[in-house]
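Right, one structure below, let's go through it.
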Amino acid sequence: MHTRIATTNGATPMTTRPRDTRTALDAYEEKKGVCRDFSHLAITMLRALEVPARLVSVYAPGLSPMDFHAVVEAHVDGQWLALDATRLAPRSTLLRIATGRDAAAERREHHQQARGIMGHLHELAVMLR
């Protein structure tokens, strides 16, 4: 995969879709993406082969420059094995932060929670008038 898709630095490239709804197919068709795009594509391919796979957010001090990074874990022979689809970060340097969610999912959840809180605050303000 790393030979067919160009790694882009920084945030997921803005294309026909907003960042939060970018799919593995978008990365595949556009032939470019960041670590999250590579990971989503690798997960899609592994699952198509009926191999359980999940996203893992890590800190990667082995990257140059060191940074947060998205990798994949595949369940093979009874154990979860880490895989960096970009091949940029040495596996031995990865420090797990979270499993099963990516930054976009976290951002959406926090946005929904904030919207809910704002709704409750508005209701309270109306009641206090």
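Convention: chains lettered A, B, ... in structure tokens order; per-chain residue numbering from 1; ligands numbered from 1 as shown.
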
request  = Can you pull out every residue within 10 Å of Ser92 of chain A, counting only C-alpha atoms, but drop anything in the same chain fewer than 3 positions away, and send it as a ChimeraX atom specification?
outcome  = /A:60-62,82,89,95

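Of the listed residues A:Ala27, A:Thr7, A:Pro52, A:Thr44, the one whose atoms come nearest to Gly78 of chain A is A:Pro52, with distances taken using only C-alpha atoms.
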
task = Work out how far apart atom CA of Ala24 of chain A and atom CA of Asp37 of chain A are and give it in Å to one decimal.
result =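 A separation of 6.2 Å between them.
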
message = Using only C-alpha atoms for the distances, tell me which of A:Val56, A:Ala6, A:Val72, A:Ala48 is nearest to Glu29 of chain A.
response =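 Closest to Glu29 of chain A of all the choices is A:Ala6.
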
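Picture a line from atom CA of Ser64 of chain A to atom CA of Val34 of chain A; it runs 14.4 Å.
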